[in-house]
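Peer 1: My structure file work30.pdb, PDB, C-alpha atoms (C1' of nucleotides), is below:
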```
ATOM      1  CA  MET A 187      99.064  84.181 309.882
ATOM      2  CA  ARG A 188      96.577  85.868 312.152
ATOM      3  CA  ARG A 189      99.398  87.075 314.347
ATOM      4  CA  LYS A 190     101.479  88.276 311.408
ATOM      5  CA  LEU A 191      98.619  90.363 310.147
ATOM      6  CA  PHE A 192      98.228  92.048 313.502
ATOM      7  CA  ILE A 193     101.949  92.656 313.845
ATOM      8  CA  PHE A 194     101.902  94.420 310.486
ATOM      9  CA  TYR A 195      99.147  96.606 311.778
ATOM     10  CA  GLU A 196     100.990  97.479 314.941
ATOM     11  CA  LYS A 197     104.166  98.335 313.057
ATOM     12  CA  LEU A 198     102.289 100.586 310.687
ATOM     13  CA  TYR A 199     100.341 102.256 313.453
ATOM     14  CA  ARG A 200     103.462 102.887 315.501
ATOM     15  CA  TYR A 201     105.254 104.290 312.489
ATOM     16  CA  PHE A 202     102.542 106.458 310.936
ATOM     17  CA  GLY A 203     100.050 107.031 313.765
ATOM     18  CA  PRO A 204      96.276 107.331 313.287
ATOM     19  CA  GLN A 205      95.270 108.350 309.752
ATOM     20  CA  LYS A 206      91.931 109.995 310.538
ATOM     21  CA  TRP A 207      90.156 108.568 307.512
ATOM     22  CA  TRP A 208      88.019 109.382 305.594
ATOM     23  CA  PRO A 209      88.951 113.070 305.158
ATOM     24  CA  ALA A 210      85.428 114.510 304.777
ATOM     25  CA  GLU A 211      82.899 116.568 306.686
ATOM     26  CA  SER A 212      79.932 114.242 306.231
ATOM     27  CA  PRO A 213      79.018 110.684 305.255
ATOM     28  CA  PHE A 214      77.569 111.997 302.010
ATOM     29  CA  GLU A 215      80.868 113.661 301.182
ATOM     30  CA  VAL A 216      82.591 110.313 301.748
ATOM     31  CA  MET A 217      80.243 108.629 299.296
ATOM     32  CA  VAL A 218      80.822 111.240 296.622
ATOM     33  CA  GLY A 219      84.564 111.098 297.217
ATOM     34  CA  ALA A 220      84.536 107.306 296.943
ATOM     35  CA  ILE A 221      83.151 107.551 293.417
ATOM     36  CA  LEU A 222      85.348 110.473 292.394
ATOM     37  CA  THR A 223      88.554 108.802 293.518
ATOM     38  CA  GLN A 224      88.181 105.782 291.241
ATOM     39  CA  ASN A 225      91.594 105.367 289.625
ATOM     40  CA  THR A 226      92.322 108.981 290.465
ATOM     41  CA  ASN A 227      94.803 110.918 292.557
ATOM     42  CA  TRP A 228      93.182 112.192 295.753
ATOM     43  CA  GLY A 229      94.483 115.720 295.192
ATOM     44  CA  ASN A 230      92.361 115.992 292.064
ATOM     45  CA  VAL A 231      89.331 114.729 293.950
ATOM     46  CA  GLU A 232      89.801 117.471 296.523
ATOM     47  CA  LYS A 233      89.583 120.088 293.811
ATOM     48  CA  ALA A 234      86.317 118.618 292.592
ATOM     49  CA  ILE A 235      84.950 118.475 296.147
ATOM     50  CA  ARG A 236      85.931 122.104 296.642
ATOM     51  CA  ASN A 237      83.980 123.067 293.535
ATOM     52  CA  LEU A 238      80.893 121.275 294.828
ATOM     53  CA  LYS A 239      81.190 122.951 298.212
ATOM     54  CA  ALA A 240      81.715 126.373 296.641
ATOM     55  CA  LYS A 241      78.448 125.886 294.762
ATOM     56  CA  LYS A 242      76.769 124.600 297.932
ATOM     57  CA  VAL A 243      75.600 121.431 296.202
ATOM     58  CA  LEU A 244      77.458 118.807 298.221
ATOM     59  CA  ASN A 245      74.317 117.268 299.689
ATOM     60  CA  ALA A 246      71.908 114.673 298.370
ATOM     61  CA  GLN A 247      69.016 117.052 297.624
ATOM     62  CA  LYS A 248      71.020 119.638 295.682
ATOM     63  CA  LEU A 249      73.150 117.145 293.843
ATOM     64  CA  ASN A 250      70.046 115.284 292.793
ATOM     65  CA  GLN A 251      68.555 118.458 291.310
ATOM     66  CA  LEU A 252      71.712 119.458 289.469
ATOM     67  CA  SER A 253      71.858 118.489 285.782
ATOM     68  CA  GLY A 254      74.367 115.832 284.796
ATOM     69  CA  LYS A 255      75.963 118.366 282.494
ATOM     70  CA  LYS A 256      76.581 120.931 285.236
ATOM     71  CA  LEU A 257      77.719 118.246 287.633
ATOM     72  CA  ALA A 258      80.270 117.008 285.096
ATOM     73  CA  LEU A 259      81.697 120.510 284.789
ATOM     74  CA  LEU A 260      82.073 120.919 288.534
ATOM     75  CA  ILE A 261      83.871 117.603 289.016
ATOM     76  CA  ARG A 262      86.086 118.068 285.971
ATOM     77  CA  PRO A 263      89.381 118.176 287.921
ATOM     78  CA  SER A 264      88.815 114.645 289.182
ATOM     79  CA  GLY A 265      89.126 113.217 285.665
ATOM     80  CA  PHE A 266      86.738 110.846 283.820
ATOM     81  CA  TYR A 267      84.229 113.558 284.611
ATOM     82  CA  ASN A 268      81.473 112.620 282.151
ATOM     83  CA  LEU A 269      81.581 109.049 283.367
ATOM     84  CA  LYS A 270      81.692 110.015 287.025
ATOM     85  CA  SER A 271      78.823 112.447 286.632
ATOM     86  CA  LYS A 272      76.698 109.560 285.373
ATOM     87  CA  ARG A 273      77.917 107.335 288.189
ATOM     88  CA  LEU A 274      77.031 109.918 290.817
ATOM     89  CA  LYS A 275      73.592 110.246 289.253
ATOM     90  CA  GLU A 276      73.157 106.469 289.344
ATOM     91  CA  PHE A 277      74.094 106.475 293.005
ATOM     92  CA  LEU A 278      71.653 109.302 293.755
ATOM     93  CA  LYS A 279      68.907 107.394 291.966
ATOM     94  CA  PHE A 280      69.681 104.458 294.248
ATOM     95  CA  LEU A 281      69.690 106.670 297.345
ATOM     96  CA  PHE A 282      66.386 108.361 296.546
ATOM     97  CA  SER A 283      64.451 105.384 295.256
ATOM     98  CA  ASN A 284      65.405 103.183 298.221
ATOM     99  CA  TYR A 285      65.879 105.613 301.090
ATOM    100  CA  GLY A 286      64.182 108.837 300.049
ATOM    101  CA  GLY A 287      67.592 110.468 299.802
ATOM    102  CA  LYS A 288      68.206 109.946 303.523
ATOM    103  CA  ILE A 289      71.635 108.668 304.512
ATOM    104  CA  ARG A 290      70.165 107.937 307.929
ATOM    105  CA  LYS A 291      67.753 105.418 306.459
ATOM    106  CA  MET A 292      70.432 103.867 304.301
ATOM    107  CA  ALA A 293      72.646 103.435 307.362
ATOM    108  CA  ALA A 294      69.930 101.448 309.085
ATOM    109  CA  ALA A 295      70.154  98.600 306.567
ATOM    110  CA  ASP A 296      72.420  95.664 307.304
ATOM    111  CA  ALA A 297      75.880  95.680 305.773
ATOM    112  CA  LEU A 298      75.684  92.630 303.530
ATOM    113  CA  SER A 299      72.396  93.419 301.849
ATOM    114  CA  LEU A 300      73.535  97.016 301.409
ATOM    115  CA  ARG A 301      76.680  95.760 299.749
ATOM    116  CA  GLN A 302      74.642  93.672 297.337
ATOM    117  CA  ALA A 303      72.426  96.631 296.532
ATOM    118  CA  LEU A 304      75.363  98.992 296.009
ATOM    119  CA  LEU A 305      77.090  96.545 293.684
ATOM    120  CA  ALA A 306      73.978  96.560 291.524
ATOM    121  CA  VAL A 307      74.426 100.300 290.904
ATOM    122  CA  LYS A 308      76.200 100.995 287.595
ATOM    123  CA  GLY A 309      79.591 102.492 288.365
ATOM    124  CA  ILE A 310      79.871 101.153 291.878
ATOM    125  CA  GLY A 311      82.198  98.203 292.173
ATOM    126  CA  ARG A 312      83.630  96.388 295.158
ATOM    127  CA  GLU A 313      86.082  98.962 296.404
ATOM    128  CA  THR A 314      83.669 101.850 296.055
ATOM    129  CA  ALA A 315      80.852  99.928 297.741
ATOM    130  CA  ASP A 316      83.088  98.847 300.594
ATOM    131  CA  SER A 317      84.513 102.352 301.054
ATOM    132  CA  ILE A 318      80.980 103.651 301.385
ATOM    133  CA  LEU A 319      80.062 100.945 303.881
ATOM    134  CA  LEU A 320      83.154 101.355 306.032
ATOM    135  CA  TYR A 321      84.058 105.010 305.778
ATOM    136  CA  ALA A 322      80.652 106.602 305.380
ATOM    137  CA  LEU A 323      78.441 104.220 307.340
ATOM    138  CA  ASN A 324      80.913 102.722 309.793
ATOM    139  CA  LYS A 325      80.055  99.121 308.872
ATOM    140  CA  PRO A 326      82.768  96.532 309.641
ATOM    141  CA  ILE A 327      83.719  95.724 306.032
ATOM    142  CA  PHE A 328      87.371  95.626 304.953
ATOM    143  CA  VAL A 329      88.291  97.747 301.933
ATOM    144  CA  VAL A 330      90.765  96.308 299.432
ATOM    145  CA  ASP A 331      92.605  98.362 296.834
ATOM    146  CA  ALA A 332      95.610  98.174 294.546
ATOM    147  CA  TYR A 333      98.032  99.008 297.371
ATOM    148  CA  THR A 334      96.528  96.404 299.668
ATOM    149  CA  LYS A 335      96.976  93.641 297.111
ATOM    150  CA  ARG A 336     100.482  94.720 296.124
ATOM    151  CA  ILE A 337     101.741  94.966 299.681
ATOM    152  CA  LEU A 338     100.182  91.743 300.936
ATOM    153  CA  SER A 339     101.335  89.689 297.970
ATOM    154  CA  ARG A 340     104.879  91.074 298.110
ATOM    155  CA  HIS A 341     105.001  90.009 301.719
ATOM    156  CA  LYS A 342     103.708  86.571 300.695
ATOM    157  CA  LEU A 343     100.560  86.774 302.770
ATOM    158  CA  ILE A 344      98.346  86.279 299.733
ATOM    159  CA  SER A 345      98.969  85.017 296.226
ATOM    160  CA  GLU A 346      99.806  87.541 293.562
ATOM    161  CA  ASP A 347      96.619  86.857 291.636
ATOM    162  CA  ALA A 348      94.212  86.727 294.555
ATOM    163  CA  THR A 349      90.843  88.218 293.711
ATOM    164  CA  TYR A 350      89.282  91.132 295.549
ATOM    165  CA  ASP A 351      86.953  88.885 297.505
ATOM    166  CA  GLU A 352      89.769  86.561 298.495
ATOM    167  CA  VAL A 353      91.902  89.391 299.829
ATOM    168  CA  GLN A 354      88.958  90.863 301.680
ATOM    169  CA  SER A 355      88.019  87.602 303.318
ATOM    170  CA  PHE A 356      91.648  87.054 304.274
ATOM    171  CA  PHE A 357      91.520  90.224 306.341
ATOM    172  CA  MET A 358      88.059  89.634 307.710
ATOM    173  CA  ARG A 359      88.808  86.060 308.735
ATOM    174  CA  ASN A 360      91.992  87.015 310.532
ATOM    175  CA  LEU A 361      91.092  90.290 312.226
ATOM    176  CA  LYS A 362      88.710  91.183 315.000
ATOM    177  CA  ASN A 363      85.394  92.262 313.461
ATOM    178  CA  ASP A 364      85.832  95.925 314.236
ATOM    179  CA  ALA A 365      85.064  98.858 311.958
ATOM    180  CA  LYS A 366      87.589 101.070 313.722
ATOM    181  CA  LEU A 367      90.364  98.533 313.129
ATOM    182  CA  PHE A 368      89.382  97.994 309.474
ATOM    183  CA  ASN A 369      89.259 101.734 308.986
ATOM    184  CA  GLU A 370      92.721 102.360 310.367
ATOM    185  CA  TYR A 371      94.331  99.318 308.790
ATOM    186  CA  HIS A 372      93.292 100.097 305.248
ATOM    187  CA  ALA A 373      94.244 103.765 305.632
ATOM    188  CA  LEU A 374      97.663 102.735 306.915
ATOM    189  CA  LEU A 375      98.199 100.410 303.946
ATOM    190  CA  VAL A 376      97.429 103.243 301.541
ATOM    191  CA  LYS A 377      99.795 105.509 303.445
ATOM    192  CA  LEU A 378     102.513 102.883 303.252
ATOM    193  CA  GLY A 379     101.864 102.374 299.550
ATOM    194  CA  LYS A 380     102.168 106.069 298.818
ATOM    195  CA  GLU A 381     105.249 106.623 300.947
ATOM    196  CA  PHE A 382     107.325 103.537 300.268
ATOM    197  CA  CYS A 383     106.088 101.366 297.413
ATOM    198  CA  LEU A 384     105.864 103.866 294.555
ATOM    199  CA  LYS A 385     107.247 102.495 291.299
ATOM    200  CA  ARG A 386     109.399 105.540 290.672
ATOM    201  CA  ARG A 387     111.434 105.541 293.818
ATOM    202  CA  PRO A 388     110.596 102.518 295.945
ATOM    203  CA  ARG A 389     112.156 102.755 299.366
ATOM    204  CA  CYS A 390     111.936  99.136 300.441
ATOM    205  CA  GLU A 391     115.043  99.422 302.618
ATOM    206  CA  GLU A 392     113.435 101.949 304.941
ATOM    207  CA  CYS A 393     109.980 100.353 304.885
ATOM    208  CA  PRO A 394     108.500 100.099 308.392
ATOM    209  CA  LEU A 395     107.353  96.540 307.648
ATOM    210  CA  LYS A 396     110.900  95.410 306.984
TER     211      LYS A 396
ATOM    212  C1'  DT B 232     107.928 114.331 279.076
ATOM    213  C1'  DG B 233     105.723 110.454 280.153
ATOM    214  C1'  DC B 234     103.754 107.964 283.797
ATOM    215  C1'  DC B 235     100.623 107.394 287.312
ATOM    216  C1'  DA B 236      96.666 107.946 290.639
ATOM    217  C1'  DG B 237      92.603 105.078 296.905
ATOM    218  C1'  DG B 238      88.318 101.545 289.584
ATOM    219  C1'  DC B 239      84.680 100.031 286.788
ATOM    220  C1'  DC B 240      82.296  98.589 282.724
ATOM    221  C1'  DG B 241      81.447  96.356 278.357
ATOM    222  C1'  DG B 242      82.848  93.752 274.589
ATOM    223  C1'  DG B 243      85.810  90.282 272.703
ATOM    224  C1'  DT B 244      88.124  85.851 273.051
TER     225       DT B 244
ATOM    226  C1'  DA C  35      86.453  82.717 283.032
ATOM    227  C1'  DC C  36      89.970  86.103 281.895
ATOM    228  C1'  DC C  37      91.790  90.148 279.061
ATOM    229  C1'  DC C  38      91.708  94.692 277.198
ATOM    230  C1'  DG C  39      90.472  99.402 275.792
ATOM    231  C1'  DG C  40      88.120 103.420 277.237
ATOM    232  C1'  DC C  41      87.391 106.957 280.416
ATOM    233  C1'  DA C  42      90.684 112.408 281.571
ATOM    234  C1'  DT C  43      92.751 115.587 284.756
ATOM    235  C1'  DG C  44      96.795 117.453 287.163
ATOM    236  C1'  DG C  45     101.247 116.650 289.700
ATOM    237  C1'  DC C  46     105.853 115.186 289.636
TER     238       DC C  46
END
```
Any chance you could give the structure as C-alpha cells?
Peer 2:
Amino acid sequence: MRRKLFIFYEKLYRYFGPQKWWPAESPFEVMVGAILTQNTNWGNVEKAIRNLKAKKVLNAQKLNQLSGKKLALLIRPSGFYNLKSKRLKEFLKFLFSNYGGKIRKMAAADALSLRQALLAVKGIGRETADSILLYALNKPIFVVDAYTKRILSRHKLISEDATYDEVQSFFMRNLKNDAKLFNEYHALLVKLGKEFCLKRRPRCEECPLK
DNA sequence: TGCCAGGCCGGGT
DNA sequence: ACCCGGCATGGC
C-alpha cells in the first residue's frame, strides 16, 4: 500500500512535472485564495484576487479595514461573495485577535493546535484549514479534496465513503512526513482530476495512472 | 443550455 | 450520525 502510493506519485510527477503550488505571491494571498476557492473554479478566484490587488488591499491590514460590503463587491467574481466576505472577515478576526494580524506569528504556532484553532473559525473547514497550513505556512499536513477522494477510491486505495480525516490519515501514515512531498502530491492529484477525470469527457484510457 | 468548479454551515431527520 | 438546501459567478 505504502509502495503503491509512492508509485502513483512518481507516475504523476513524471507525467506532469512540478506544479509550483500554490499560485500566489504571498502566504496571505494563499489564505485568501483558500477561502475564495471553496466549491469554486480557480479562474473565478483569480479574477477576485486581481480586483483585490488592483485596489491594493490584498494584505491583512487593509483587508481588515475594508467594510464587508466593499469586500463582497470586490470578490464578486468568485461566487458566493456575500458568504465569502463574511468568512474572510471571520478569518481576519482570528488573525488579529490571536496574532496581531501577523502571519509570521501565526506561522510560529505548531501545526496541530493551529488546525484546531482554524477549524473553530466559521467558514473554515478541513480542506481550507489544511490548505492554509500546507500551502501558506509550509506545515506538513496533507490536503484532501473532492478529486483526491474520487481518484483514490476509484483506484481502490480507500473506500468510496471514507471521511476526510480517514483519507488524510491514509496519506500521512503512508508517506514520508514532508511538506514538499505533500504539496506536490496534492497538486498533482488536482491536475490529474482536471485533465483526465472530468465527468464530461473522462479520458481514463490515457490516464497516466493506468 | 445546463452543468460544474480545489466547500462549509445549519437545520431537519 | 447522516442528509440536504443554500450560497452565485463565469466558462465550456
Peer 1: Convert the output of the PyMOL selection byres ((chain A and resi 258) around 12) on the shown file into explicit residues, formatted as a list in words.
Peer 2: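 Applied to this file, the PyMOL selection byres ((chain A and resi 258) around 12) selects Leu222, Ala234, Asn237, Leu238, Leu249, Leu252, Ser253, Gly254, Lys255, Lys256, Leu257, Leu259, Leu260, Ile261, Arg262, Pro263, Ser264, Gly265, Phe266, Tyr267, Asn268, Leu269, Lys270, Ser271, Lys272, Arg273, Leu274 and Lys275 of chain A; DA42 of chain C.
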Peer 1: Evaluate the PyMOL selection byres ((chain C) within 7 of (chain A)) against this structure - the residues, as a PyMOL selection string, please.
Peer 2: chain C and resi 41-44
Peer 1: Within 7 Å of chain A, which residues belong to chain B? Use all atoms listed in the file and report them as a VMD selection string.
Peer 2: chain B and resid 236 to 239
Peer 1: Tell me, in Å to one decimal, how far CA of Ile327 (chain A) is from CA of Lys366 (chain A).
Peer 2: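 A separation of 10.1 Å between them.
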Peer 1: Using Å and a single decimal, report how far CA of Phe214 (chain A) sits from CA of Gly287 (chain A).
Peer 2: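 For CA of Gly287 (chain A) relative to CA of Phe214 (chain A), the distance reads 10.3 Å.
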Peer 1: If you measure from CA of Pro394 (chain A) to CA of Arg336 (chain A), what distance in Å do you get, rounded to one decimal?
Peer 2: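 Distance reported for this atom pair: 15.6 Å.
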Peer 1: Any chance you could work out the residue set of the PyMOL selection byres ((chain B and resi 243) around 9) here, as a list in words?
Peer 2: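 Applied to this file, the PyMOL selection byres ((chain B and resi 243) around 9) returns DG242 and DT244 of chain B; DC37 and DC38 of chain C.
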Peer 1: If you take every atom of region 188-193 of chain A that the file lists and fit an axis-aligned box around them with 4 Å extra on each side, what centre and edge lengths come out in Å to one decimal, as JSON?
Peer 2:
```
{"center_x": 99.3, "center_y": 89.3, "center_z": 312.2, "size_x": 13.4, "size_y": 14.8, "size_z": 12.2}
```
Peer 1: Mind writing region 195-238 of chain A to a file for me, with N, CA and C atoms, as a CSV table (one decimal), in the first residue's frame?
Peer 2:
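The resulting file, decode24.csv, is reproduced below:
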```
chain,number,residue,atom,x,y,z
A,195,TYR,N,2.6,8.6,-7.1
A,195,TYR,CA,3.2,9.9,-7.1
A,195,TYR,C,4.3,10.0,-8.1
A,196,GLU,N,5.1,9.0,-8.2
A,196,GLU,CA,6.2,9.1,-9.2
A,196,GLU,C,5.6,9.1,-10.7
A,197,LYS,N,4.6,8.4,-10.9
A,197,LYS,CA,4.0,8.4,-12.3
A,197,LYS,C,3.4,9.8,-12.6
A,198,LEU,N,2.7,10.3,-11.6
A,198,LEU,CA,2.2,11.7,-11.8
A,198,LEU,C,3.2,12.7,-12.0
A,199,TYR,N,4.3,12.6,-11.2
A,199,TYR,CA,5.3,13.6,-11.3
A,199,TYR,C,6.1,13.5,-12.6
A,200,ARG,N,6.3,12.3,-13.0
A,200,ARG,CA,7.0,12.1,-14.3
A,200,ARG,C,6.1,12.7,-15.5
A,201,TYR,N,4.8,12.4,-15.3
A,201,TYR,CA,3.9,12.8,-16.4
A,201,TYR,C,3.7,14.3,-16.5
A,202,PHE,N,3.4,14.9,-15.3
A,202,PHE,CA,3.0,16.3,-15.3
A,202,PHE,C,4.2,17.3,-14.9
A,203,GLY,N,5.2,16.8,-14.2
A,203,GLY,CA,6.2,17.7,-13.7
A,203,GLY,C,5.8,18.5,-12.5
A,204,PRO,N,6.6,19.3,-11.9
A,204,PRO,CA,6.3,20.0,-10.7
A,204,PRO,C,5.2,21.1,-10.9
A,205,GLN,N,4.3,21.2,-10.0
A,205,GLN,CA,3.1,22.0,-10.2
A,205,GLN,C,3.2,23.4,-9.7
A,206,LYS,N,4.3,23.7,-8.9
A,206,LYS,CA,4.5,25.0,-8.4
A,206,LYS,C,3.3,25.6,-7.6
A,207,TRP,N,2.8,24.8,-6.8
A,207,TRP,CA,1.6,25.3,-5.9
A,207,TRP,C,2.2,26.0,-4.7
A,208,TRP,N,1.4,26.9,-4.1
A,208,TRP,CA,0.1,27.5,-4.5
A,208,TRP,C,0.4,28.7,-5.4
A,209,PRO,N,-0.3,28.9,-6.5
A,209,PRO,CA,0.0,30.1,-7.3
A,209,PRO,C,-0.4,31.4,-6.6
A,210,ALA,N,0.6,32.0,-5.9
A,210,ALA,CA,0.3,33.2,-5.1
A,210,ALA,C,1.6,33.9,-4.8
A,211,GLU,N,1.5,35.2,-4.5
A,211,GLU,CA,2.7,36.0,-4.3
A,211,GLU,C,3.1,36.1,-2.8
A,212,SER,N,2.2,35.6,-2.0
A,212,SER,CA,2.5,35.7,-0.5
A,212,SER,C,1.6,34.7,0.2
A,213,PRO,N,2.0,34.3,1.4
A,213,PRO,CA,1.2,33.5,2.3
A,213,PRO,C,-0.2,34.0,2.5
A,214,PHE,N,-0.3,35.3,2.7
A,214,PHE,CA,-1.6,35.9,2.9
A,214,PHE,C,-2.5,35.7,1.7
A,215,GLU,N,-1.9,35.8,0.5
A,215,GLU,CA,-2.7,35.6,-0.7
A,215,GLU,C,-3.2,34.2,-0.8
A,216,VAL,N,-2.4,33.2,-0.3
A,216,VAL,CA,-2.8,31.8,-0.3
A,216,VAL,C,-4.0,31.6,0.6
A,217,MET,N,-3.9,32.3,1.8
A,217,MET,CA,-5.0,32.1,2.7
A,217,MET,C,-6.3,32.7,2.2
A,218,VAL,N,-6.3,33.8,1.6
A,218,VAL,CA,-7.4,34.4,1.0
A,218,VAL,C,-8.0,33.5,-0.2
A,219,GLY,N,-7.0,33.1,-1.0
A,219,GLY,CA,-7.4,32.2,-2.1
A,219,GLY,C,-8.0,30.9,-1.6
A,220,ALA,N,-7.6,30.4,-0.5
A,220,ALA,CA,-8.1,29.1,0.0
A,220,ALA,C,-9.6,29.3,0.4
A,221,ILE,N,-9.9,30.4,0.9
A,221,ILE,CA,-11.3,30.7,1.2
A,221,ILE,C,-12.2,30.9,0.0
A,222,LEU,N,-11.6,31.7,-0.9
A,222,LEU,CA,-12.3,32.1,-2.1
A,222,LEU,C,-12.6,30.9,-3.0
A,223,THR,N,-11.7,29.9,-3.0
A,223,THR,CA,-11.9,28.8,-3.9
A,223,THR,C,-12.8,27.7,-3.5
A,224,GLN,N,-13.4,27.9,-2.3
A,224,GLN,CA,-14.4,26.9,-1.8
A,224,GLN,C,-15.5,26.6,-2.9
A,225,ASN,N,-15.5,25.4,-3.3
A,225,ASN,CA,-16.5,25.0,-4.3
A,225,ASN,C,-16.6,25.9,-5.5
A,226,THR,N,-15.4,26.4,-6.0
A,226,THR,CA,-15.4,27.4,-7.0
A,226,THR,C,-14.2,27.2,-7.9
A,227,ASN,N,-14.5,27.4,-9.2
A,227,ASN,CA,-13.5,27.3,-10.3
A,227,ASN,C,-12.3,28.3,-10.0
A,228,TRP,N,-11.1,27.9,-10.1
A,228,TRP,CA,-10.0,28.7,-9.8
A,228,TRP,C,-9.9,30.0,-10.7
A,229,GLY,N,-10.3,29.9,-11.9
A,229,GLY,CA,-10.3,31.0,-12.8
A,229,GLY,C,-11.1,32.2,-12.2
A,230,ASN,N,-12.2,31.9,-11.6
A,230,ASN,CA,-13.0,32.9,-11.0
A,230,ASN,C,-12.4,33.5,-9.8
A,231,VAL,N,-11.6,32.7,-9.1
A,231,VAL,CA,-10.9,33.2,-7.9
A,231,VAL,C,-9.8,34.2,-8.3
A,232,GLU,N,-9.2,33.9,-9.4
A,232,GLU,CA,-8.1,34.7,-9.9
A,232,GLU,C,-8.7,36.1,-10.2
A,233,LYS,N,-9.9,36.2,-10.8
A,233,LYS,CA,-10.5,37.5,-11.1
A,233,LYS,C,-10.7,38.3,-9.8
A,234,ALA,N,-11.2,37.6,-8.8
A,234,ALA,CA,-11.4,38.2,-7.5
A,234,ALA,C,-10.0,38.7,-6.9
A,235,ILE,N,-9.0,37.9,-6.9
A,235,ILE,CA,-7.7,38.3,-6.4
A,235,ILE,C,-7.2,39.5,-7.2
A,236,ARG,N,-7.4,39.5,-8.5
A,236,ARG,CA,-6.9,40.6,-9.3
A,236,ARG,C,-7.6,41.9,-8.8
A,237,ASN,N,-8.9,41.8,-8.5
A,237,ASN,CA,-9.6,43.0,-8.0
A,237,ASN,C,-9.0,43.5,-6.7
A,238,LEU,N,-8.7,42.6,-5.8
A,238,LEU,CA,-8.1,43.0,-4.5
A,238,LEU,C,-6.7,43.6,-4.7
```
